[in-house]
Amino acid sequence: MSATLYTAPQKTETNVKSFVLTELAKLKLKRGQMLNCTIQLRDQLEAGKSSVMALIEMLKNAEPGSALAVMLDFLVTELEKGKRLNEAMKAFPKIFSPSYCALIGAGEKAGKLTKKKDKLTGEVKPGTLDLIIVHVKRVDSARQKIMLALLYPALILIALIGAIGAFSFFVLPALKEVFTALNLDKNFGFMGIVLFGMSDVVQNYYYTFPFILAGLGVGVWQFWKVFGADLWDVYQFKTPVAKGICTKLILAETYSLISTLISASLTTYDCLELLQQSTRNKYVARTFEVAIEYISKGKTFAESLKMSHFIFDGEAYQTIHSAESSGKLEDALADASSRLYEQLDNEIDALIKMIEPACLAVAGVVVGYLLISYYGTVSAALANFR
């Protein structure tokens with residue numbers, strides 16, 4: 001049985017289905033919810049429950065009316081109709097990527113969603129859900145570290161803007177009134193004119209600042225959506241400092257996903273198709289599309305990637321070529337991915353250590369300039385006081 005949390009308006013059957021799928025395609029989960037769902041699903045299946053019963057159990061604990069509850073309710077309904085889990089998940093493209101759905105489908109087909117014991121060796125091999133969990137954790141951890149590295153300078157910038165605003169709005173107007181009363185305002189030097197000019201602008205037009213900031217924010221956001229994201233996809237591999245981190249992140253995610261997909265018994269051709277559909281960087285996604293063409297012409301997996309994008313040349317090519325030649329692409333790329341994530345963590349930690357003193361130095365220069373300008377103006381005015 002399933003709870004009916006999502007109800008479409010009364011229309012014809014075809015229109016209702018279309019309406020429901022359109023609405024469901026827009027659903028997103030909060031950060032970490034998709035990973036938690038995957039972990040809960042694995043635990044429920046390992047406890048011996050069917051996919052439907054596992055999802056019903058998860059639905060009982062979901063907040064009624066939430067995106068998570070709607071998603072789980074829809075999955076239960078579709079599974080009760082006879083659909084496979086991976087087919088039902090495709091209704092939520094903003095939650096489950098094509099590679100995620102393909103992995104679930106491969107696990108369902110092979111009966112390897114959860115860990116199994118090898119009958120010949122007795123070795124317990126991780127299931128597809130275990131592989132997905134490891135992959136998602138690695139990717140999320142790396143991306144969260146990068147976000148934390150960017151958070152520090154953003155906080156410093158906000159603090160500087162606040163300090164300059166308070167200085168201009170409260171301190172400088174009071175000082176200017178004193179100088180004007182003493183008839184010293186004619187003795188201001190260049191720094192004094194700049195400071196008090198800034199103060200006048202803040203005092204007279206402060207009410208426009210929220211609109212200006214909002215306009216700038218909307219403008220930047222629109223530029224990012226139209227041009228910025230595409231430009232960043234291309235130039236992140238050529239920008240100093242960023243190129244090393246971005247290259248390692250893309251390679252680590254690619255290695256990890258390829259290893260996971262091959263573990264689920266998918267071919268390298270299938271891997272490239274899924275990478276092309278699920279890679280966030282559009283420029284690299286087009287690279288996988290080109291690599292598919294090379295593979296169809298008889299090129300090896302390593303050669304196809306090398307000829308498609310320069311980040312897969314050099315050391316990356318040697319890694320993939322050696323793994324492919326040895327017939328251990330799955331294990332070799334998993335190890336390479338782990339090494340890259342470790343290097344990435346070290347580089348991000350080093351970058352954060354560099355960013356902190358750099359931001360403090362910039363803040364010190366700005367505050368120091370304000371203080372020098374302030375005391376220089378006071379000294380110049382008092383020197384001419386008679």
# chains A, B, ... in the order shown; residues from 1 in each chain; ligands from 1
>>> residues_around(residues="segment 98-113 of chain A", least_positions_apart="6", cutoff="10 Å", atoms="only C-alpha atoms", output="VMD selection string")
chain A and resid 41 to 42 45 to 46 84 to 90 92 125 to 132 136 257 to 258 260 to 266 270 to 271 273 to 279
>>> select_by_dssp(residues="segment 38-124 of chain A", states="alpha helix (DSSP H)", output="mmCIF file with N, CA and C atoms, in the first residue's frame")
data_model
loop_
_atom_site.group_PDB
_atom_site.id
_atom_site.type_symbol
_atom_site.label_atom_id
_atom_site.label_comp_id
_atom_site.auth_asym_id
_atom_site.auth_seq_id
_atom_site.Cartn_x
_atom_site.Cartn_y
_atom_site.Cartn_z
ATOM 1 N N THR A 38 19.740 6.537 0.008
ATOM 2 C CA THR A 38 20.483 5.393 -0.534
ATOM 3 C C THR A 38 20.957 4.483 0.591
ATOM 4 N N ILE A 39 21.448 5.081 1.675
ATOM 5 C CA ILE A 39 21.922 4.294 2.824
ATOM 6 C C ILE A 39 20.758 3.537 3.464
ATOM 7 N N GLN A 40 19.618 4.222 3.645
ATOM 8 C CA GLN A 40 18.448 3.563 4.252
ATOM 9 C C GLN A 40 17.933 2.429 3.370
ATOM 10 N N LEU A 41 17.911 2.666 2.052
ATOM 11 C CA LEU A 41 17.455 1.631 1.127
ATOM 12 C C LEU A 41 18.358 0.407 1.207
ATOM 13 N N ARG A 42 19.664 0.638 1.233
ATOM 14 C CA ARG A 42 20.604 -0.488 1.349
ATOM 15 C C ARG A 42 20.361 -1.262 2.637
ATOM 16 N N ASP A 43 20.225 -0.535 3.751
ATOM 17 C CA ASP A 43 20.042 -1.194 5.052
ATOM 18 C C ASP A 43 18.744 -2.007 5.082
ATOM 19 N N GLN A 44 17.673 -1.438 4.503
ATOM 20 C CA GLN A 44 16.383 -2.137 4.483
ATOM 21 C C GLN A 44 16.456 -3.401 3.621
ATOM 22 N N LEU A 45 17.134 -3.290 2.460
ATOM 23 C CA LEU A 45 17.258 -4.458 1.574
ATOM 24 C C LEU A 45 18.137 -5.531 2.205
ATOM 25 N N GLU A 46 19.188 -5.113 2.898
ATOM 26 C CA GLU A 46 20.056 -6.086 3.571
ATOM 27 C C GLU A 46 19.332 -6.788 4.714
ATOM 28 N N SER A 51 12.034 -4.193 -2.269
ATOM 29 C CA SER A 51 12.202 -2.768 -2.587
ATOM 30 C C SER A 51 10.966 -1.969 -2.185
ATOM 31 N N VAL A 52 9.766 -2.538 -2.452
ATOM 32 C CA VAL A 52 8.517 -1.828 -2.114
ATOM 33 C C VAL A 52 8.393 -1.640 -0.613
ATOM 34 N N MET A 53 8.617 -2.692 0.152
ATOM 35 C CA MET A 53 8.488 -2.607 1.605
ATOM 36 C C MET A 53 9.550 -1.673 2.193
ATOM 37 N N ALA A 54 10.743 -1.676 1.596
ATOM 38 C CA ALA A 54 11.809 -0.784 2.073
ATOM 39 C C ALA A 54 11.409 0.674 1.878
ATOM 40 N N LEU A 55 10.845 0.985 0.726
ATOM 41 C CA LEU A 55 10.428 2.358 0.443
ATOM 42 C C LEU A 55 9.243 2.773 1.310
ATOM 43 N N ILE A 56 8.310 1.847 1.559
ATOM 44 C CA ILE A 56 7.176 2.148 2.443
ATOM 45 C C ILE A 56 7.662 2.466 3.853
ATOM 46 N N GLU A 57 8.638 1.698 4.314
ATOM 47 C CA GLU A 57 9.206 1.940 5.647
ATOM 48 C C GLU A 57 9.874 3.309 5.708
ATOM 49 N N MET A 58 10.580 3.686 4.639
ATOM 50 C CA MET A 58 11.225 4.999 4.577
ATOM 51 C C MET A 58 10.182 6.109 4.509
ATOM 52 N N LEU A 59 9.068 5.841 3.814
ATOM 53 C CA LEU A 59 7.997 6.822 3.672
ATOM 54 C C LEU A 59 7.346 7.141 5.019
ATOM 55 N N LYS A 60 7.253 6.140 5.893
ATOM 56 C CA LYS A 60 6.644 6.348 7.216
ATOM 57 C C LYS A 60 7.413 7.392 8.025
ATOM 58 N N ALA A 67 9.242 17.100 -0.237
ATOM 59 C CA ALA A 67 9.702 16.564 -1.521
ATOM 60 C C ALA A 67 10.122 15.102 -1.377
ATOM 61 N N LEU A 68 10.739 14.780 -0.244
ATOM 62 C CA LEU A 68 11.164 13.404 0.012
ATOM 63 C C LEU A 68 9.965 12.466 0.075
ATOM 64 N N ALA A 69 8.913 12.896 0.783
ATOM 65 C CA ALA A 69 7.714 12.055 0.908
ATOM 66 C C ALA A 69 7.026 11.861 -0.446
ATOM 67 N N VAL A 70 6.956 12.946 -1.230
ATOM 68 C CA VAL A 70 6.341 12.852 -2.564
ATOM 69 C C VAL A 70 7.120 11.876 -3.432
ATOM 70 N N MET A 71 8.439 11.981 -3.380
ATOM 71 C CA MET A 71 9.282 11.097 -4.188
ATOM 72 C C MET A 71 9.085 9.633 -3.793
ATOM 73 N N LEU A 72 9.141 9.358 -2.499
ATOM 74 C CA LEU A 72 9.000 7.980 -2.020
ATOM 75 C C LEU A 72 7.623 7.414 -2.348
ATOM 76 N N ASP A 73 6.594 8.251 -2.179
ATOM 77 C CA ASP A 73 5.228 7.807 -2.489
ATOM 78 C C ASP A 73 5.102 7.430 -3.971
ATOM 79 N N PHE A 74 5.684 8.264 -4.837
ATOM 80 C CA PHE A 74 5.626 7.980 -6.276
ATOM 81 C C PHE A 74 6.369 6.687 -6.601
ATOM 82 N N LEU A 75 7.549 6.492 -6.001
ATOM 83 C CA LEU A 75 8.330 5.277 -6.266
ATOM 84 C C LEU A 75 7.567 4.029 -5.829
ATOM 85 N N VAL A 76 6.924 4.101 -4.654
ATOM 86 C CA VAL A 76 6.145 2.958 -4.164
ATOM 87 C C VAL A 76 5.003 2.639 -5.134
ATOM 88 N N THR A 77 4.313 3.696 -5.563
ATOM 89 C CA THR A 77 3.180 3.505 -6.483
ATOM 90 C C THR A 77 3.630 2.859 -7.784
ATOM 91 N N GLU A 78 4.751 3.330 -8.332
ATOM 92 C CA GLU A 78 5.251 2.796 -9.597
ATOM 93 C C GLU A 78 5.723 1.358 -9.450
ATOM 94 N N LEU A 79 6.374 1.051 -8.334
ATOM 95 C CA LEU A 79 6.836 -0.323 -8.108
ATOM 96 C C LEU A 79 5.653 -1.273 -7.946
ATOM 97 N N GLU A 80 4.587 -0.808 -7.315
ATOM 98 C CA GLU A 80 3.397 -1.644 -7.158
ATOM 99 C C GLU A 80 2.713 -1.900 -8.492
ATOM 100 N N LEU A 85 12.747 -0.290 -10.108
ATOM 101 C CA LEU A 85 13.095 0.890 -9.319
ATOM 102 C C LEU A 85 13.826 1.929 -10.165
ATOM 103 N N ASN A 86 14.772 1.474 -10.984
ATOM 104 C CA ASN A 86 15.547 2.433 -11.780
ATOM 105 C C ASN A 86 14.661 3.163 -12.793
ATOM 106 N N GLU A 87 13.635 2.506 -13.318
ATOM 107 C CA GLU A 87 12.718 3.146 -14.261
ATOM 108 C C GLU A 87 11.894 4.221 -13.554
ATOM 109 N N ALA A 88 11.446 3.920 -12.342
ATOM 110 C CA ALA A 88 10.656 4.892 -11.584
ATOM 111 C C ALA A 88 11.493 6.102 -11.187
ATOM 112 N N MET A 89 12.779 5.863 -10.896
ATOM 113 C CA MET A 89 13.657 6.953 -10.473
ATOM 114 C C MET A 89 13.904 7.974 -11.577
ATOM 115 N N PRO A 98 21.428 10.181 -14.503
ATOM 116 C CA PRO A 98 21.361 9.002 -15.381
ATOM 117 C C PRO A 98 22.293 7.879 -14.933
ATOM 118 N N SER A 99 23.484 8.248 -14.448
ATOM 119 C CA SER A 99 24.424 7.218 -13.990
ATOM 120 C C SER A 99 23.895 6.504 -12.750
ATOM 121 N N TYR A 100 23.236 7.238 -11.849
ATOM 122 C CA TYR A 100 22.650 6.645 -10.649
ATOM 123 C C TYR A 100 21.573 5.632 -11.055
ATOM 124 N N CYS A 101 20.688 6.050 -11.961
ATOM 125 C CA CYS A 101 19.616 5.148 -12.418
ATOM 126 C C CYS A 101 20.184 3.916 -13.119
ATOM 127 N N ALA A 102 21.242 4.138 -13.920
ATOM 128 C CA ALA A 102 21.857 3.011 -14.630
ATOM 129 C C ALA A 102 22.478 2.026 -13.655
ATOM 130 N N LEU A 103 23.101 2.527 -12.600
ATOM 131 C CA LEU A 103 23.706 1.646 -11.587
ATOM 132 C C LEU A 103 22.637 0.844 -10.853
ATOM 133 N N ILE A 104 21.541 1.513 -10.500
ATOM 134 C CA ILE A 104 20.439 0.804 -9.839
ATOM 135 C C ILE A 104 19.879 -0.268 -10.769
ATOM 136 N N GLY A 105 19.719 0.082 -12.059
ATOM 137 C CA GLY A 105 19.201 -0.883 -13.029
ATOM 138 C C GLY A 105 20.116 -2.081 -13.183
ATOM 139 N N ALA A 106 21.434 -1.824 -13.247
ATOM 140 C CA ALA A 106 22.392 -2.924 -13.377
ATOM 141 C C ALA A 106 22.374 -3.806 -12.136
ATOM 142 N N GLY A 107 22.258 -3.166 -10.963
ATOM 143 C CA GLY A 107 22.204 -3.932 -9.724
ATOM 144 C C GLY A 107 20.957 -4.785 -9.623
ATOM 145 N N GLU A 108 19.823 -4.227 -10.067
ATOM 146 C CA GLU A 108 18.571 -4.988 -10.063
ATOM 147 C C GLU A 108 18.659 -6.181 -11.018
ATOM 148 N N LYS A 109 19.186 -5.927 -12.208
ATOM 149 C CA LYS A 109 19.261 -6.976 -13.225
ATOM 150 C C LYS A 109 20.153 -8.136 -12.789
ATOM 151 N N ALA A 110 21.287 -7.787 -12.141
ATOM 152 C CA ALA A 110 22.236 -8.821 -11.725
ATOM 153 C C ALA A 110 21.950 -9.342 -10.314
#
>>> residues_around(residues="Cys359 of chain A", least_positions_apart="5", cutoff="10 Å", atoms="only C-alpha atoms", output="VMD selection string")
chain A and resid 152 to 157 354 364 to 365
